[in-house]
Amino acid sequence: MVNILPSLGDRSLRSLVDLDQGLISREIYVNEEIYKQELEQVYGRAWLFIGHESLVPNPGDFFKSRMGEESVILVRDHKGALHVFLNTCRHRGMKVCRYDDGNTRLFTCPFHGWSYDTDGKLVGVPHFKAAFHEELDKSEFGLHEVAHLCNFYGSIWATWDRDAPSFEDYLGAYADGVRRCFESMDGIDNGVELFQPVQRWRLPCNWKFPAFSFDGDRMHGVTTHRSINVAAIGPQGDRNEGDRHPMRARFPSTAYEMSIRELGHGGHNDIYEQPGVAPYVDTWQTEPPEVDEYYRQAREKKAKKYEGQFLHGGGALIFPNVNIQEQRILHWHPHGVGATESWRLYQVDRNAPQAVRDAQRRYMMRYCGPAGLTESDDMENWNYASEASSGMMARRLPYPFKAGLGHNHGDDRVPGMTLNFDIAEENQRSRLARWLAFMEAGSWNDLYPNTKGK
Amino acid sequence: MTTDMTVETMRQMLERLMLQRDIEEFLSMEAELLDERRYDEWLEYIADDIHYHMPIRRNVRFGEQYRENTSADSEISWIDEGKRVLIGRVRQINTGIHWCEEPLSRVRHVVSNVQVYDPEGDEVKVRSRFIVYRNRMEDEVDLFAGKREDILRRDSVTGWKIAKRTIILDQNVLLAKNITFFF
Ligand code: FES
Ligand SMILES: [Fe+2]
């Protein structure tokens, strides 16, 4: 199926995404009609990250999240079950939930007073007798719920599309890596909670600038973040030349760009030459000693759990717009063709003592988010790259995604993964390939398994 | 007797006025340093044990305003740091390759409604309101309004030092792409 968009003349979408040559038209980042289409084709179908069960621990707890451009409510109903609803009243569309989070018995609409139970049922309609003559079928007008919700080791995901595959199938070979991003430092599954609240801020660029380049554009680090080491924001302070990342002992390993071509997920992950978990090195020199002590003990427990097992892979960008890592989640929501609402969420061991929580929290705040010393420079580059790509002439020049083109390989130790050199642009090509598949697909039948025509 | 009272009252009034004036001048001087990007000098007015905190502000149900601003004890804020990180920020800007401040933004602080209260020992609490205007590159504009809650401490060399600053920004979703300067 080929889509012809009026503003693109006779060029099909496929002609804009030339993966064999690694040439991608700038149109797909700046074109209004393509943007509108991707809200339907991508955001209407894909599994999207919603939040975490720790945000709504008790019956009646809710957390306002987002799917694509739209507001949704993650809520735990009075029986304890989780739901995700579109945040719009079924009567005239008013937002029924206008708080960032909280606890409630009912969502009562401030417009005409329709009220909904925490399981989404319409339970109250003012003037039900006098105005509606009791003829309104309330069961037809409950809050609109997602087609599928998945609680994946505590992380919550949802899709609007009934025909979507299971979330585990959607993750494919990354299921194990994502699972491990929600385990505690000592290796217990579903062992983390999220710090609250979410950092949310607006970026003037298309959502694909951050989402498709993060964990796929290692090339930018040396230049974009050239100024960061002088600030020595890493947990080890000035040691290690002020490196912003925590020091780590490693087993012999090789770092790769790793991706699943067919699914669009990918990260920067290691393949280890030896099983188990590398021993801990004291890192948190800027914090009280109990912090290192906690991490060291946790690491020892984790090493026991994984003794003899190879832990290749790890966190990744999960198509289309969320990057799951061990202590942070980076989420980018489309907010108009030239704007993105960026979210940062941070995991912490559920049982971590105060000193560890403080250390981790403060490190994340000085690293990430709009005021983070590292990330602030990314915003500048995405902002002006986006702007300078939008002009009449500028948009005719394709972006080359050529680094590592033709150098993909596989490795039996990580079945299903496509590997490339640690600094390549293969992860980005992989996301673009999946994006094109979503944009051309008539339904999930064309998308999973995505091996057709390959 | 009455005359003595009046003299004492006037002395106290004068003292309060002088303190108010002193603090206002200090805050104006600080704004001048920031606006003129004299960040190294600004750091001299920052106490070594400063807590510099900018909470995130939630939309909460009426009656839950106590949790509207995030806590520095357990929650995520926009900024929550001490002097070490502030020094790091200044160093980073001074590299000339901190791209989000290269070229430097034009930032202007308008500080007003200064309230000085609870003087205790060598410390005093100060509330002020700010409008901070940032203009960057050709046409990038951000406007920040809010309130600062400071603790200022007397210092034999610099007059005052900022021992604590809480910046209450009047935004929920941050409408700027980043925060790369000081409030
Ligand atoms: S819009 Fe909600 S009750 Fe009318
Ligand atoms: Fe970056």
# chains A, B, ... in the order shown; residues from 1 in each chain; ligands from 1
call {"tool": "residues_near_ligand", "arguments": {"ligand": "ligand 1", "cutoff": "6 Å", "atoms": "only C-alpha atoms and all ligand atoms", "output": "VMD selection string"}}
result
chain A and resid 89 91 to 94 109 111 to 114
call {"tool": "closest_atom_pairs", "arguments": {"of": "chain A", "to": "chain B", "cutoff": "9 Å", "atoms": "only C-alpha atoms", "output": "CSV"}}
result
residue,atom,partner,partner_atom,distance
A:Arg98,CA,B:Asn59,CA,7.3
A:Tyr99,CA,B:Asn59,CA,4.9
A:Asp100,CA,B:Asn59,CA,5.4
A:Asp101,CA,B:Val60,CA,7.1
A:Gly102,CA,B:Val60,CA,7.3
A:Phe195,CA,B:Glu75,CA,6.2
A:Gln196,CA,B:Glu75,CA,5.5
A:Pro197,CA,B:Ile76,CA,5.9
A:Val198,CA,B:Ile76,CA,7.4
A:Gln199,CA,B:Trp78,CA,7.2
A:Arg200,CA,B:Val173,CA,5.2
A:Trp201,CA,B:Leu174,CA,4.4
A:Arg202,CA,B:Leu175,CA,5.4
A:Leu203,CA,B:Lys177,CA,4.9
A:Pro204,CA,B:Lys177,CA,7.1
A:Thr223,CA,B:Ile97,CA,9.0
A:Thr224,CA,B:Trp99,CA,7.3
A:His225,CA,B:His98,CA,7.7
A:Arg226,CA,B:Ile97,CA,7.0
A:Ser227,CA,B:His98,CA,5.4
A:Ile228,CA,B:Gln92,CA,6.3
A:Asn229,CA,B:Gln92,CA,8.2
A:Val230,CA,B:Gln92,CA,6.1
A:Ala231,CA,B:Gly88,CA,3.8
A:Ala232,CA,B:Gly88,CA,6.8
A:Ile233,CA,B:Val85,CA,7.0
A:Glu341,CA,B:Val173,CA,8.7
A:Tyr346,CA,B:Ile76,CA,8.8
A:Gln354,CA,B:Ser74,CA,8.3
A:Arg357,CA,B:Ser74,CA,7.7
A:Asp358,CA,B:Ser74,CA,7.1
A:Arg361,CA,B:Ile76,CA,6.9
A:Arg362,CA,B:Asp80,CA,6.6
A:Met364,CA,B:Ile76,CA,9.0
A:Met365,CA,B:Ile79,CA,6.3
A:Arg366,CA,B:Ile79,CA,7.2
A:Gly369,CA,B:Trp78,CA,7.5
A:Pro370,CA,B:Asn178,CA,4.1
A:Ala371,CA,B:Ile179,CA,4.7
A:Gly372,CA,B:Ile79,CA,8.0
A:Leu373,CA,B:Arg89,CA,7.1
A:Glu375,CA,B:Asn178,CA,8.5
A:Ser376,CA,B:Asn178,CA,5.6
A:Asp377,CA,B:Cys100,CA,5.1
A:Asp378,CA,B:Cys100,CA,8.1
A:Met379,CA,B:Lys177,CA,6.3
A:Glu380,CA,B:Cys100,CA,5.1
A:Asn381,CA,B:Trp99,CA,7.8
A:Asn383,CA,B:Lys177,CA,8.4
call {"tool": "select_by_dssp", "arguments": {"residues": "chain B", "states": "helix (DSSP H, G or I)", "output": "PyMOL selection string"}}
result
chain B and resi 2-35+39-43+65-67+83-93+99-101
call {"tool": "residues_around", "arguments": {"residues": "Glu290 of chain A", "least_positions_apart": "4", "cutoff": "8 Å", "atoms": "only C-alpha atoms", "output": "short mmCIF file (atom, residue, chain, number, x, y, z; two decimals) with all heavy atoms, in the first residue's frame"}}
result
data_model
loop_
_atom_site.label_atom_id
_atom_site.label_comp_id
_atom_site.auth_asym_id
_atom_site.auth_seq_id
_atom_site.Cartn_x
_atom_site.Cartn_y
_atom_site.Cartn_z
N TYR A 294 25.22 -0.11 50.25
CA TYR A 294 23.95 -0.67 49.77
C TYR A 294 24.11 -1.28 48.38
O TYR A 294 23.71 -2.42 48.13
CB TYR A 294 22.87 0.42 49.74
CG TYR A 294 21.56 -0.06 49.14
CD1 TYR A 294 20.63 -0.75 49.92
CD2 TYR A 294 21.26 0.14 47.80
CE1 TYR A 294 19.44 -1.21 49.38
CE2 TYR A 294 20.07 -0.31 47.24
CZ TYR A 294 19.16 -0.98 48.03
OH TYR A 294 18.00 -1.44 47.49
N ALA A 355 19.23 7.33 52.23
CA ALA A 355 20.48 7.89 51.69
C ALA A 355 20.66 7.49 50.22
O ALA A 355 21.14 8.28 49.40
CB ALA A 355 21.67 7.42 52.51
N VAL A 356 20.26 6.27 49.89
CA VAL A 356 20.39 5.79 48.51
C VAL A 356 19.38 6.52 47.62
O VAL A 356 19.71 6.95 46.51
CB VAL A 356 20.18 4.26 48.45
CG1 VAL A 356 20.04 3.78 47.02
CG2 VAL A 356 21.32 3.55 49.16
#
call {"tool": "residues_around", "arguments": {"residues": "segment 35-49 of chain B", "least_positions_apart": "5", "cutoff": "6 Å", "atoms": "only C-alpha atoms", "output": "NGL selection string"}}
result
:B and (83 or 107-108 or 161-163)
call {"tool": "write_last_selection", "arguments": {"atoms": "all heavy atoms", "output": "PDB file, in the first residue's frame"}}
result
ATOM      1  N   LYS B  83      26.165  23.663  46.400  1.00  0.00           N
ATOM      2  CA  LYS B  83      27.100  24.563  45.735  1.00  0.00           C
ATOM      3  C   LYS B  83      27.973  23.832  44.712  1.00  0.00           C
ATOM      4  O   LYS B  83      28.335  24.391  43.680  1.00  0.00           O
ATOM      5  CB  LYS B  83      27.992  25.253  46.775  1.00  0.00           C
ATOM      6  CG  LYS B  83      28.837  26.353  46.147  1.00  0.00           C
ATOM      7  CD  LYS B  83      29.355  27.336  47.153  1.00  0.00           C
ATOM      8  CE  LYS B  83      30.092  28.474  46.467  1.00  0.00           C
ATOM      9  NZ  LYS B  83      30.625  29.444  47.428  1.00  0.00           N
ATOM     10  N   VAL B 107      19.454  37.346  29.532  1.00  0.00           N
ATOM     11  CA  VAL B 107      18.551  37.067  30.648  1.00  0.00           C
ATOM     12  C   VAL B 107      18.408  38.324  31.494  1.00  0.00           C
ATOM     13  O   VAL B 107      19.391  39.018  31.749  1.00  0.00           O
ATOM     14  CB  VAL B 107      19.107  35.915  31.520  1.00  0.00           C
ATOM     15  CG1 VAL B 107      18.192  35.662  32.718  1.00  0.00           C
ATOM     16  CG2 VAL B 107      19.258  34.645  30.700  1.00  0.00           C
ATOM     17  N   ARG B 108      17.184  38.632  31.879  1.00  0.00           N
ATOM     18  CA  ARG B 108      16.954  39.804  32.724  1.00  0.00           C
ATOM     19  C   ARG B 108      16.100  39.385  33.905  1.00  0.00           C
ATOM     20  O   ARG B 108      15.054  38.766  33.739  1.00  0.00           O
ATOM     21  CB  ARG B 108      16.234  40.887  31.906  1.00  0.00           C
ATOM     22  CG  ARG B 108      16.393  42.292  32.445  1.00  0.00           C
ATOM     23  CD  ARG B 108      17.823  42.779  32.464  1.00  0.00           C
ATOM     24  NE  ARG B 108      18.406  42.982  31.135  1.00  0.00           N
ATOM     25  CZ  ARG B 108      19.727  43.139  30.913  1.00  0.00           C
ATOM     26  NH1 ARG B 108      20.580  43.097  31.922  1.00  0.00           N
ATOM     27  NH2 ARG B 108      20.185  43.297  29.701  1.00  0.00           N
ATOM     28  N   LYS B 161      25.373  36.304  52.346  1.00  0.00           N
ATOM     29  CA  LYS B 161      25.475  35.145  51.456  1.00  0.00           C
ATOM     30  C   LYS B 161      24.120  34.453  51.418  1.00  0.00           C
ATOM     31  O   LYS B 161      23.373  34.483  52.397  1.00  0.00           O
ATOM     32  CB  LYS B 161      26.542  34.166  51.960  1.00  0.00           C
ATOM     33  CG  LYS B 161      27.952  34.638  51.621  1.00  0.00           C
ATOM     34  CD  LYS B 161      28.979  33.534  51.677  1.00  0.00           C
ATOM     35  CE  LYS B 161      30.331  34.137  51.301  1.00  0.00           C
ATOM     36  NZ  LYS B 161      31.357  33.156  51.024  1.00  0.00           N
ATOM     37  N   ILE B 162      23.852  33.807  50.302  1.00  0.00           N
ATOM     38  CA  ILE B 162      22.580  33.079  50.174  1.00  0.00           C
ATOM     39  C   ILE B 162      22.796  31.678  50.724  1.00  0.00           C
ATOM     40  O   ILE B 162      23.611  30.912  50.198  1.00  0.00           O
ATOM     41  CB  ILE B 162      22.124  33.019  48.703  1.00  0.00           C
ATOM     42  CG1 ILE B 162      22.027  34.443  48.146  1.00  0.00           C
ATOM     43  CG2 ILE B 162      20.799  32.281  48.579  1.00  0.00           C
ATOM     44  CD1 ILE B 162      21.919  34.500  46.645  1.00  0.00           C
ATOM     45  N   ALA B 163      22.072  31.361  51.801  1.00  0.00           N
ATOM     46  CA  ALA B 163      22.264  30.067  52.461  1.00  0.00           C
ATOM     47  C   ALA B 163      21.212  29.061  52.017  1.00  0.00           C
ATOM     48  O   ALA B 163      21.376  27.846  52.189  1.00  0.00           O
ATOM     49  CB  ALA B 163      22.206  30.239  53.970  1.00  0.00           C
TER      50      ALA B 163
END
call {"tool": "atom_distance", "arguments": {"atom1": "atom CA of His268 of chain A", "atom2": "atom CA of Gln428 of chain A"}}
result
11.7 Å
call {"tool": "atom_distance", "arguments": {"atom1": "atom CA of Glu440 of chain A", "atom2": "atom CA of Gly410 of chain A"}}
result
27.1 Å
